[in-house]
$ cat my_file.txt   # compact mmCIF, C-alpha atoms
# COMPACT_ATOMS: atom_id res chain seq x y z
CA MET A 1 81.27 76.55 -38.82
CA ALA A 2 80.09 76.44 -35.18
CA LEU A 3 77.55 79.19 -35.86
CA LEU A 4 76.32 77.30 -38.93
CA ILE A 5 75.78 74.22 -36.73
CA LEU A 6 73.94 76.37 -34.19
CA LEU A 7 71.69 77.92 -36.85
CA SER A 8 70.91 74.61 -38.58
CA SER A 9 70.10 73.11 -35.17
CA VAL A 10 67.72 76.00 -34.43
CA LEU A 11 66.02 75.21 -37.75
CA ALA A 12 65.98 71.48 -36.93
CA GLY A 13 64.40 72.14 -33.53
CA PHE A 14 61.89 74.54 -35.08
CA LEU A 15 60.83 72.08 -37.82
CA GLY A 16 60.89 69.20 -35.35
CA ALA A 17 58.44 70.97 -33.04
CA ILE A 18 56.09 71.86 -35.91
CA LEU A 19 56.17 68.40 -37.48
CA GLY A 20 56.24 66.40 -34.25
CA ILE A 21 59.57 64.70 -34.94
CA GLY A 22 62.93 64.88 -33.20
CA GLY A 23 65.66 67.12 -34.57
CA GLY A 24 67.99 64.14 -35.09
CA LEU A 25 66.49 63.32 -38.49
CA ILE A 26 67.65 66.77 -39.66
CA VAL A 27 70.81 67.34 -37.61
CA VAL A 28 72.66 64.12 -38.48
CA PRO A 29 72.45 64.66 -42.28
CA VAL A 30 73.39 68.38 -41.88
CA LEU A 31 76.48 67.53 -39.79
CA THR A 32 77.63 64.63 -41.97
CA LEU A 33 76.69 65.64 -45.52
CA GLY A 34 76.94 69.42 -45.01
CA MET A 35 79.90 69.80 -42.65
CA GLY A 36 81.93 66.64 -43.05
CA VAL A 37 81.63 65.56 -39.41
CA ASP A 38 82.11 61.81 -38.85
CA ILE A 39 78.70 60.12 -38.58
CA ARG A 40 79.55 58.63 -35.16
CA TYR A 41 80.21 62.10 -33.67
CA ALA A 42 77.03 63.38 -35.35
CA ILE A 43 74.97 60.52 -33.87
CA ALA A 44 76.39 61.15 -30.38
CA ALA A 45 75.63 64.91 -30.55
CA SER A 46 72.14 64.20 -31.83
CA LEU A 47 71.43 61.78 -28.95
CA VAL A 48 72.38 64.48 -26.41
CA SER A 49 70.07 66.99 -28.09
CA ILE A 50 67.23 64.43 -27.93
CA VAL A 51 67.61 64.32 -24.15
CA ALA A 52 67.30 68.13 -24.07
CA THR A 53 64.16 68.34 -26.21
CA SER A 54 62.52 65.35 -24.57
CA SER A 55 63.06 66.74 -21.07
CA GLY A 56 61.77 70.19 -22.05
CA ALA A 57 58.70 68.92 -23.90
CA ALA A 58 57.95 66.21 -21.32
CA ALA A 59 57.52 68.90 -18.67
CA SER A 60 54.70 70.53 -20.69
CA PHE A 61 53.01 67.20 -21.53
CA LEU A 62 53.11 66.14 -17.86
CA ARG A 63 51.44 69.39 -16.83
CA ASP A 64 48.67 68.71 -19.38
CA HIS A 65 48.23 65.16 -17.95
CA LEU A 66 48.64 63.59 -21.41
CA THR A 67 51.62 61.41 -20.49
CA ASN A 68 50.82 57.94 -19.14
CA LEU A 69 53.60 57.77 -16.54
CA ARG A 70 52.87 54.17 -15.47
CA LEU A 71 52.98 52.96 -19.06
CA ALA A 72 56.16 54.96 -19.75
CA VAL A 73 57.97 53.31 -16.82
CA LEU A 74 57.06 49.84 -18.11
CA LEU A 75 57.99 50.52 -21.74
CA GLU A 76 61.28 52.17 -20.73
CA VAL A 77 62.51 48.71 -19.68
CA ALA A 78 62.29 47.58 -23.31
CA THR A 79 63.63 50.77 -24.90
CA VAL A 80 66.65 50.96 -22.56
CA LEU A 81 67.52 47.30 -23.16
CA GLY A 82 67.10 47.95 -26.91
CA ALA A 83 69.39 51.00 -26.67
CA MET A 84 72.03 48.87 -24.93
CA ALA A 85 71.81 46.28 -27.72
CA GLY A 86 72.00 49.09 -30.30
CA PHE A 87 75.05 50.58 -28.61
CA LEU A 88 76.82 47.21 -28.70
CA LEU A 89 75.82 46.72 -32.36
CA SER A 90 77.09 50.21 -33.27
CA ARG A 91 80.61 49.15 -32.26
CA GLU A 92 80.55 46.47 -34.97
CA ILE A 93 78.79 48.39 -37.75
CA LYS A 94 80.80 50.34 -40.34
CA PRO A 95 79.93 54.02 -41.09
CA GLN A 96 78.77 53.03 -44.63
CA ALA A 97 76.17 50.70 -43.13
CA LEU A 98 75.01 53.50 -40.81
CA TYR A 99 74.49 55.81 -43.82
CA LEU A 100 72.43 53.10 -45.56
CA LEU A 101 70.37 52.41 -42.43
CA PHE A 102 69.82 56.14 -41.85
CA GLY A 103 68.77 56.66 -45.48
CA GLY A 104 66.35 53.73 -45.22
CA PHE A 105 64.89 55.09 -41.97
CA LEU A 106 64.44 58.55 -43.53
CA LEU A 107 62.42 57.00 -46.38
CA PHE A 108 60.33 55.07 -43.84
CA SER A 109 59.73 58.28 -41.83
CA ALA A 110 58.75 60.18 -44.98
CA THR A 111 56.18 57.49 -45.87
CA THR A 112 54.79 57.46 -42.32
CA MET A 113 54.50 61.25 -42.22
CA PHE A 114 52.74 61.31 -45.56
CA ARG A 115 50.05 58.84 -44.49
CA LYS A 116 47.22 60.27 -42.44
CA LYS A 117 46.98 58.67 -39.02
CA SER A 118 43.65 57.65 -37.55
CA ASP A 119 43.12 57.69 -33.82
CA SER A 120 42.76 54.47 -31.83
CA ARG A 121 41.25 53.71 -28.47
CA GLY A 122 41.80 50.44 -26.59
CA ARG A 123 38.59 48.72 -25.43
CA VAL A 124 39.99 45.56 -23.79
CA ASP A 125 42.59 45.74 -21.05
CA HIS A 126 45.51 43.30 -21.41
CA PRO A 127 46.09 41.31 -18.15
CA TRP A 128 49.48 43.02 -17.58
CA SER A 129 47.81 46.38 -18.05
CA ALA A 130 45.12 45.46 -15.52
CA LYS A 131 47.79 44.33 -13.03
CA LEU A 132 49.77 47.58 -13.38
CA LYS A 133 46.66 49.79 -13.74
CA LEU A 134 47.86 51.22 -17.07
CA ALA A 135 44.39 52.18 -18.35
CA SER A 136 43.82 55.90 -18.02
CA GLY A 137 42.08 58.91 -19.54
CA TYR A 138 42.50 62.56 -20.43
CA VAL A 139 40.32 65.59 -21.08
CA GLU A 140 40.10 67.08 -24.60
CA LYS A 141 40.10 70.87 -25.07
CA SER A 142 36.37 70.59 -25.85
CA GLY A 143 35.90 69.21 -22.33
CA GLU A 144 35.20 65.65 -23.52
CA HIS A 145 36.71 63.00 -21.22
CA ILE A 146 38.48 60.25 -23.19
CA ASP A 147 39.06 56.95 -21.36
CA TYR A 148 41.20 54.21 -22.86
CA LYS A 149 42.50 50.74 -22.02
CA VAL A 150 45.86 49.26 -23.01
CA GLU A 151 45.90 46.22 -25.34
CA ASN A 152 48.69 43.92 -26.51
CA VAL A 153 51.37 44.89 -23.96
CA PRO A 154 53.91 42.16 -24.98
CA ALA A 155 53.80 43.29 -28.66
CA GLY A 156 54.29 46.89 -27.51
CA LEU A 157 57.32 45.89 -25.44
CA GLY A 158 58.82 44.02 -28.44
CA LEU A 159 58.39 47.03 -30.72
CA MET A 160 59.88 49.33 -28.07
CA PHE A 161 62.96 47.11 -27.88
CA PHE A 162 63.38 47.51 -31.65
CA ALA A 163 62.85 51.31 -31.34
CA GLY A 164 65.63 51.39 -28.71
CA ILE A 165 68.05 49.62 -31.08
CA ILE A 166 67.30 52.05 -33.93
CA SER A 167 67.63 55.04 -31.59
CA ALA A 168 71.12 54.03 -30.43
CA LEU A 169 72.30 53.09 -33.92
CA LEU A 170 71.14 56.25 -35.69
CA GLY A 171 71.15 58.90 -32.96
CA ILE A 172 67.46 59.62 -33.29
CA GLY A 173 64.59 59.49 -30.81
CA SER A 174 62.71 56.96 -33.01
CA GLY A 175 59.51 58.62 -31.81
CA ILE A 176 57.78 57.55 -35.03
CA LEU A 177 58.34 53.87 -34.11
CA LYS A 178 57.31 54.42 -30.49
CA VAL A 179 54.10 56.17 -31.47
CA MET A 180 53.37 53.39 -33.99
CA ALA A 181 53.85 50.76 -31.27
CA MET A 182 51.54 52.51 -28.80
CA ASP A 183 48.97 53.76 -31.27
CA GLY A 184 49.00 50.73 -33.60
CA ALA A 185 49.69 47.72 -31.36
CA MET A 186 48.51 48.88 -27.95
CA LYS A 187 45.56 50.97 -29.19
CA ILE A 188 46.43 54.04 -27.14
CA PRO A 189 45.02 57.42 -28.37
CA LEU A 190 47.45 59.35 -30.57
CA LYS A 191 47.81 62.33 -28.22
CA VAL A 192 48.72 60.08 -25.30
CA SER A 193 51.04 58.01 -27.53
CA SER A 194 52.89 61.14 -28.70
CA ALA A 195 53.22 62.60 -25.19
CA THR A 196 54.31 59.28 -23.64
CA SER A 197 56.76 58.64 -26.49
CA ASN A 198 58.28 62.09 -25.99
CA PHE A 199 58.64 61.40 -22.28
CA MET A 200 60.43 58.09 -22.90
CA ILE A 201 62.72 59.28 -25.70
CA GLY A 202 65.00 61.06 -23.22
CA VAL A 203 65.63 57.90 -21.19
CA THR A 204 66.25 55.80 -24.33
CA ALA A 205 68.71 58.39 -25.66
CA THR A 206 70.45 58.68 -22.26
CA ALA A 207 71.23 54.94 -22.27
CA SER A 208 73.39 55.25 -25.38
CA ALA A 209 74.41 58.93 -25.03
CA GLY A 210 75.80 58.27 -21.53
CA ALA A 211 77.88 55.37 -22.82
CA LEU A 212 79.09 57.40 -25.82
CA MET A 213 79.97 60.32 -23.53
CA LEU A 214 82.13 58.12 -21.30
CA ALA A 215 83.72 56.59 -24.39
CA GLY A 216 84.65 60.09 -25.64
CA LEU A 217 82.35 60.32 -28.67
CA VAL A 218 80.23 63.20 -27.33
CA ARG A 219 82.33 66.22 -28.28
CA PRO A 220 81.34 69.55 -26.68
CA GLU A 221 82.37 71.37 -29.90
CA ILE A 222 79.29 69.98 -31.66
CA ALA A 223 77.07 68.58 -28.88
CA CYS A 224 76.69 72.03 -27.24
CA PRO A 225 75.67 74.07 -30.33
CA VAL A 226 73.40 71.24 -31.51
CA SER A 227 71.65 70.94 -28.12
CA LEU A 228 71.38 74.71 -27.57
CA GLY A 229 70.10 75.25 -31.11
CA ILE A 230 67.53 72.49 -30.89
CA ILE A 231 66.28 73.68 -27.47
CA ALA A 232 65.85 77.26 -28.78
CA GLY A 233 64.33 76.09 -32.08
CA SER A 234 61.85 73.72 -30.46
CA TRP A 235 60.63 76.44 -28.06
CA GLY A 236 60.19 78.80 -31.02
CA GLY A 237 58.47 76.08 -33.07
CA ALA A 238 56.04 75.24 -30.27
CA TRP A 239 55.21 78.94 -29.95
CA VAL A 240 54.44 79.60 -33.65
CA MET A 241 53.00 76.14 -34.43
CA PRO A 242 49.32 77.12 -34.04
CA LYS A 243 49.80 79.98 -36.54
CA LEU A 244 51.48 77.97 -39.32
CA PRO A 245 49.97 75.82 -42.12
CA ALA A 246 51.38 72.57 -40.70
CA ALA A 247 49.94 70.38 -43.50
CA THR A 248 51.81 72.32 -46.22
CA ILE A 249 55.04 72.32 -44.20
CA ARG A 250 54.65 68.58 -43.70
CA LYS A 251 54.40 67.98 -47.48
CA ILE A 252 57.49 70.10 -48.19
CA PHE A 253 59.38 68.36 -45.42
CA VAL A 254 58.48 64.90 -46.77
CA PHE A 255 60.00 65.97 -50.12
CA VAL A 256 63.18 67.20 -48.36
CA LEU A 257 63.39 63.96 -46.35
CA VAL A 258 63.28 61.89 -49.56
CA LEU A 259 66.07 64.00 -51.11
CA VAL A 260 68.28 63.70 -48.00
CA ALA A 261 67.53 59.95 -47.81
CA ALA A 262 68.74 59.56 -51.40
CA GLN A 263 71.97 61.42 -50.54
CA MET A 264 72.57 59.32 -47.42
CA LEU A 265 71.97 56.11 -49.36
CA LEU A 266 74.36 57.23 -52.12
CA LYS A 267 77.04 58.04 -49.53
CA GLY A 268 76.53 54.61 -47.96
CA LEU A 269 76.87 52.87 -51.32
CA LYS A 270 80.15 54.64 -52.20
CA MET B 1 44.96 67.10 -6.21
CA ASP B 2 45.21 63.34 -6.91
CA PRO B 3 48.59 61.78 -5.98
CA MET B 4 49.38 60.88 -9.61
CA GLN B 5 48.89 64.50 -10.71
CA ALA B 6 51.05 65.75 -7.83
CA LEU B 7 53.77 63.29 -8.90
CA GLU B 8 53.55 64.45 -12.55
CA LEU B 9 53.86 68.10 -11.52
CA LYS B 10 56.89 67.42 -9.34
CA ILE B 11 58.65 65.64 -12.22
CA ALA B 12 57.67 68.39 -14.71
CA LYS B 13 59.16 71.10 -12.46
CA PHE B 14 62.35 69.10 -11.98
CA LEU B 15 62.82 68.53 -15.73
CA ARG B 16 62.20 72.16 -16.71
CA SER B 17 64.67 73.54 -14.12
CA GLY B 18 67.25 70.92 -15.10
CA VAL B 19 67.11 71.76 -18.83
CA LEU B 20 67.51 75.47 -18.05
CA ALA B 21 70.51 74.86 -15.78
CA ALA B 22 72.18 72.54 -18.33
CA ALA B 23 71.54 75.00 -21.19
CA ALA B 24 73.06 77.87 -19.17
CA LEU B 25 76.21 75.85 -18.41
CA MET B 26 76.57 74.73 -22.05
CA LEU B 27 76.07 78.27 -23.34
CA ILE B 28 78.68 79.78 -20.98
CA GLY B 29 81.21 76.99 -21.54
CA TRP B 30 80.82 76.64 -25.28
CA THR B 31 80.86 80.38 -26.08
CA SER B 32 83.91 81.04 -23.91
CA GLN B 33 85.74 78.12 -25.54
CA LEU B 34 84.67 79.37 -28.98
CA VAL B 35 85.99 82.89 -28.31
CA LEU B 36 89.28 81.75 -26.72
CA LYS B 37 90.20 78.64 -28.75
CA GLY B 38 88.03 78.54 -31.90
CA ASP B 39 85.43 75.94 -32.87
CA GLY B 40 87.70 72.90 -33.40
CA ILE B 41 85.19 71.28 -35.76
CA ALA B 42 87.68 70.73 -38.57
CA GLN B 43 89.25 67.92 -36.50
CA LEU B 44 86.01 65.96 -36.26
CA GLY B 45 86.04 64.50 -39.79
CA ALA B 46 87.32 61.16 -38.50
CA VAL B 47 86.71 59.52 -35.13
CA ASP B 48 89.48 59.85 -32.54
CA PRO B 49 87.77 59.17 -29.20
CA HIS B 50 89.06 60.78 -25.99
CA PRO B 51 87.51 58.83 -23.08
CA LEU B 52 85.78 61.27 -20.74
CA VAL B 53 87.61 60.75 -17.44
CA PRO B 54 91.22 61.14 -18.70
CA TRP B 55 90.06 63.97 -21.00
CA ILE B 56 88.62 65.88 -18.00
CA ARG B 57 91.95 65.43 -16.13
CA THR B 58 93.88 66.84 -19.10
CA GLU B 59 91.52 69.79 -19.56
CA TRP B 60 91.70 70.51 -15.80
CA ARG B 61 95.50 70.53 -15.84
CA GLN B 62 95.54 72.82 -18.88
CA GLY B 63 92.94 75.15 -17.35
CA HIS B 64 90.42 74.83 -20.20
CA TRP B 65 87.50 76.04 -18.06
CA GLY B 66 85.26 76.70 -21.04
CA ASN B 67 85.37 73.07 -22.18
CA LEU B 68 84.96 71.83 -18.60
CA THR B 69 81.90 74.04 -18.04
CA ALA B 70 80.40 72.87 -21.36
CA VAL B 71 80.94 69.23 -20.38
CA LEU B 72 79.41 69.90 -16.95
CA GLY B 73 76.34 71.18 -18.83
CA LEU B 74 76.25 68.03 -20.97
CA ILE B 75 76.58 65.82 -17.88
CA THR B 76 73.79 67.75 -16.13
CA LEU B 77 71.60 67.23 -19.19
CA LEU B 78 72.28 63.49 -19.38
CA ALA B 79 71.73 63.16 -15.63
CA LEU B 80 68.15 64.51 -15.96
CA PRO B 81 66.38 61.41 -17.37
CA PHE B 82 68.40 59.18 -15.04
CA THR B 83 67.44 61.23 -11.99
CA ARG B 84 63.87 61.40 -13.26
CA VAL B 85 63.63 57.58 -13.27
CA VAL B 86 65.14 57.43 -9.74
CA LEU B 87 62.65 60.09 -8.60
CA THR B 88 59.76 58.18 -10.22
CA ALA B 89 60.81 54.95 -8.45
CA TRP B 90 60.94 56.78 -5.11
CA LEU B 91 57.60 58.53 -5.59
CA PHE B 92 55.87 55.29 -6.70
CA PHE B 93 57.33 53.56 -3.63
CA LYS B 94 56.00 56.31 -1.36
CA GLN B 95 52.54 55.79 -2.89
CA GLY B 96 52.67 52.05 -2.16
CA GLU B 97 53.09 51.10 -5.85
CA LYS B 98 55.83 48.58 -5.16
CA LEU B 99 55.70 46.73 -8.51
CA LEU B 100 56.00 49.93 -10.57
CA SER B 101 58.73 51.15 -8.23
CA ALA B 102 60.65 47.90 -8.81
CA ILE B 103 60.23 48.26 -12.60
CA ALA B 104 61.59 51.82 -12.43
CA LEU B 105 64.56 50.58 -10.37
CA PHE B 106 65.20 47.94 -13.05
CA VAL B 107 65.39 50.79 -15.61
CA VAL B 108 67.88 52.59 -13.32
CA ALA B 109 70.02 49.41 -13.16
CA ALA B 110 69.86 48.98 -16.96
CA LEU B 111 70.96 52.61 -17.43
CA LEU B 112 73.91 52.07 -15.09
CA VAL B 113 74.94 48.95 -17.05
CA SER B 114 74.72 50.89 -20.32
CA PHE B 115 76.94 53.66 -18.88
CA ALA B 116 79.42 50.99 -17.78
CA LEU B 117 79.58 49.80 -21.39
CA GLY B 118 80.97 53.26 -22.25
CA PHE B 119 83.94 52.63 -19.94
CA GLU B 120 84.60 49.37 -21.75
CA LEU B 121 85.11 50.98 -25.16

$ encode --input "my_file.txt" --output "structure tokens"
Amino acid sequence: MALLILLSSVLAGFLGAILGIGGGLIVVPVLTLGMGVDIRYAIAASLVSIVATSSGAAASFLRDHLTNLRLAVLLEVATVLGAMAGFLLSREIKPQALYLLFGGFLLFSATTMFRKKSDSRGRVDHPWSAKLKLASGYVEKSGEHIDYKVENVPAGLGLMFFAGIISALLGIGSGILKVMAMDGAMKIPLKVSSATSNFMIGVTATASAGALMLAGLVRPEIACPVSLGIIAGSWGGAWVMPKLPAATIRKIFVFVLVLVAAQMLLKGLK
Amino acid sequence: MDPMQALELKIAKFLRSGVLAAAALMLIGWTSQLVLKGDGIAQLGAVDPHPLVPWIRTEWRQGHWGNLTAVLGLITLLALPFTRVVLTAWLFFKQGEKLLSAIALFVVAALLVSFALGFEL
């Protein structure tokens, strides 16, 4: 069973790296539906693995100067407070409700992945952004220098708070929500949004994973194989990503997500 | 090199080394526990929490070094983002960015409060 968890986590990390999502969306259903692990243990193990992948990937993004460190520090205030609220809520929510919420979030993720994203670029700096000097820029591979400003900071903070709640409740990084907040509300280019989201995910997950660890819900029997598998899988995925037909994989994965969502929803309704 | 880039590189190096150290500890601890005691996953079908501090004492007394090493790896992993925020606050402060440094310290305080909630459960 432990080796099965390790192998499915390698696959989750591999797919996560190719598709730009965290492994939690795959690992939690595998552990609960496939191996009969209680959803609260699965969520705790998934949160730990998110810290591992975020820290590993953040190192690469920082080296490429894609992460907006100043913006990340500001938004982490909202995501950590959201994670605390989510942790407190999780104590009151029954496992059935978690299955329903997870199923609903999987459907939402599938829809978001299916839609093609267009890039944004902020033109007007919000006063808070000007005060904290959040506007920045990066260099494309073609050598083009892209400068951007940061709009709508309060809306971004509100959405990050919500992303923190969802992360703690479901044991996922909620990177999709974070990217939507930065790209959609704050008009930050997609590459910077993805890199900054990845950087922040680890801190958001630590807020609830640390509490769950002290409370005894992070069990080494599953947290270790899940984390090790996802670390190995995500390194492998990042390595082969340029050689794979990502668009086709994305379509197949959306189909799988919808199937798993249906199963999670059915389990929640039982 | 501009100070922001130097700061980013310092944090990147710290995170990469930390993940490697945590992964090594988890791998050693988990595999030795797996070989000596089995996977223990069958008992995880229903929640029966063992708060961390008393659990560590029990494992220590019983000499379950595999589990203890695995947990040390998990703690190292969870300490990375926390230490990264502390490091960021310190580096911003050194660069004279007092407001950003204060915001980072607020995140540190919020993380500590969230950990304290774990003791409450």

$ closest_residue --input "my_file.txt" --among "A:Ile146, A:Leu66, A:Ala223, A:Leu88" --to "Gly118 in chain B" --atoms "all atoms listed in the file"
A:Leu88

$ interface_residues --input "my_file.txt" --of "chain A" --to "chain B" --cutoff "6 Å" --atoms "only C-alpha atoms" --output "number ranges by chain"
A: 2, 36-38, 55-56, 59, 62-63, 73, 77, 84, 203, 206-207, 210-212, 214-217, 224

$ write_last_selection --input "my_file.txt" --atoms "C-alpha atoms" --output "mmCIF file, keeping the file's coordinate frame"
data_model
loop_
_atom_site.group_PDB
_atom_site.id
_atom_site.type_symbol
_atom_site.label_atom_id
_atom_site.label_comp_id
_atom_site.auth_asym_id
_atom_site.auth_seq_id
_atom_site.Cartn_x
_atom_site.Cartn_y
_atom_site.Cartn_z
ATOM 1 C CA ALA A 2 80.090 76.440 -35.180
ATOM 2 C CA GLY A 36 81.930 66.640 -43.050
ATOM 3 C CA VAL A 37 81.630 65.560 -39.410
ATOM 4 C CA ASP A 38 82.110 61.810 -38.850
ATOM 5 C CA SER A 55 63.060 66.740 -21.070
ATOM 6 C CA GLY A 56 61.770 70.190 -22.050
ATOM 7 C CA ALA A 59 57.520 68.900 -18.670
ATOM 8 C CA LEU A 62 53.110 66.140 -17.860
ATOM 9 C CA ARG A 63 51.440 69.390 -16.830
ATOM 10 C CA VAL A 73 57.970 53.310 -16.820
ATOM 11 C CA VAL A 77 62.510 48.710 -19.680
ATOM 12 C CA MET A 84 72.030 48.870 -24.930
ATOM 13 C CA VAL A 203 65.630 57.900 -21.190
ATOM 14 C CA THR A 206 70.450 58.680 -22.260
ATOM 15 C CA ALA A 207 71.230 54.940 -22.270
ATOM 16 C CA GLY A 210 75.800 58.270 -21.530
ATOM 17 C CA ALA A 211 77.880 55.370 -22.820
ATOM 18 C CA LEU A 212 79.090 57.400 -25.820
ATOM 19 C CA LEU A 214 82.130 58.120 -21.300
ATOM 20 C CA ALA A 215 83.720 56.590 -24.390
ATOM 21 C CA GLY A 216 84.650 60.090 -25.640
ATOM 22 C CA LEU A 217 82.350 60.320 -28.670
ATOM 23 C CA CYS A 224 76.690 72.030 -27.240
#

$ atom_distance --input "my_file.txt" --atom1 "CA of Val28 in chain A" --atom2 "CA of Phe199 in chain A"
21.6 Å

$ atom_distance --input "my_file.txt" --atom1 "CA of Ala155 in chain A" --atom2 "CA of Val80 in chain A"
16.2 Å

$ residues_around --input "my_file.txt" --residues "range 158-161 of chain A" --least-positions-apart "4" --cutoff "7 Å" --atoms "all atoms listed in the file" --output "PyMOL selection string"
chain A and resi 75+78-79+81-82+154+165+178+181

$ atom_distance --input "my_file.txt" --atom1 "CA of Asp147 in chain A" --atom2 "CA of Lys131 in chain A"
17.5 Å

$ residues_near_point --input "my_file.txt" --point "(52.3, 43.8, -23.1)" --cutoff "9 Å" --atoms "only C-alpha atoms" --output "PyMOL selection string"
chain A and resi 75+126-129+150-158+186

$ residues_around --input "my_file.txt" --residues "Leu31 in chain A" --least-positions-apart "2" --cutoff "10 Å" --atoms "all atoms listed in the file" --output "PyMOL selection string"
chain A and resi 4-5+8-9+26-29+33-39+41-43+45-46+222+226
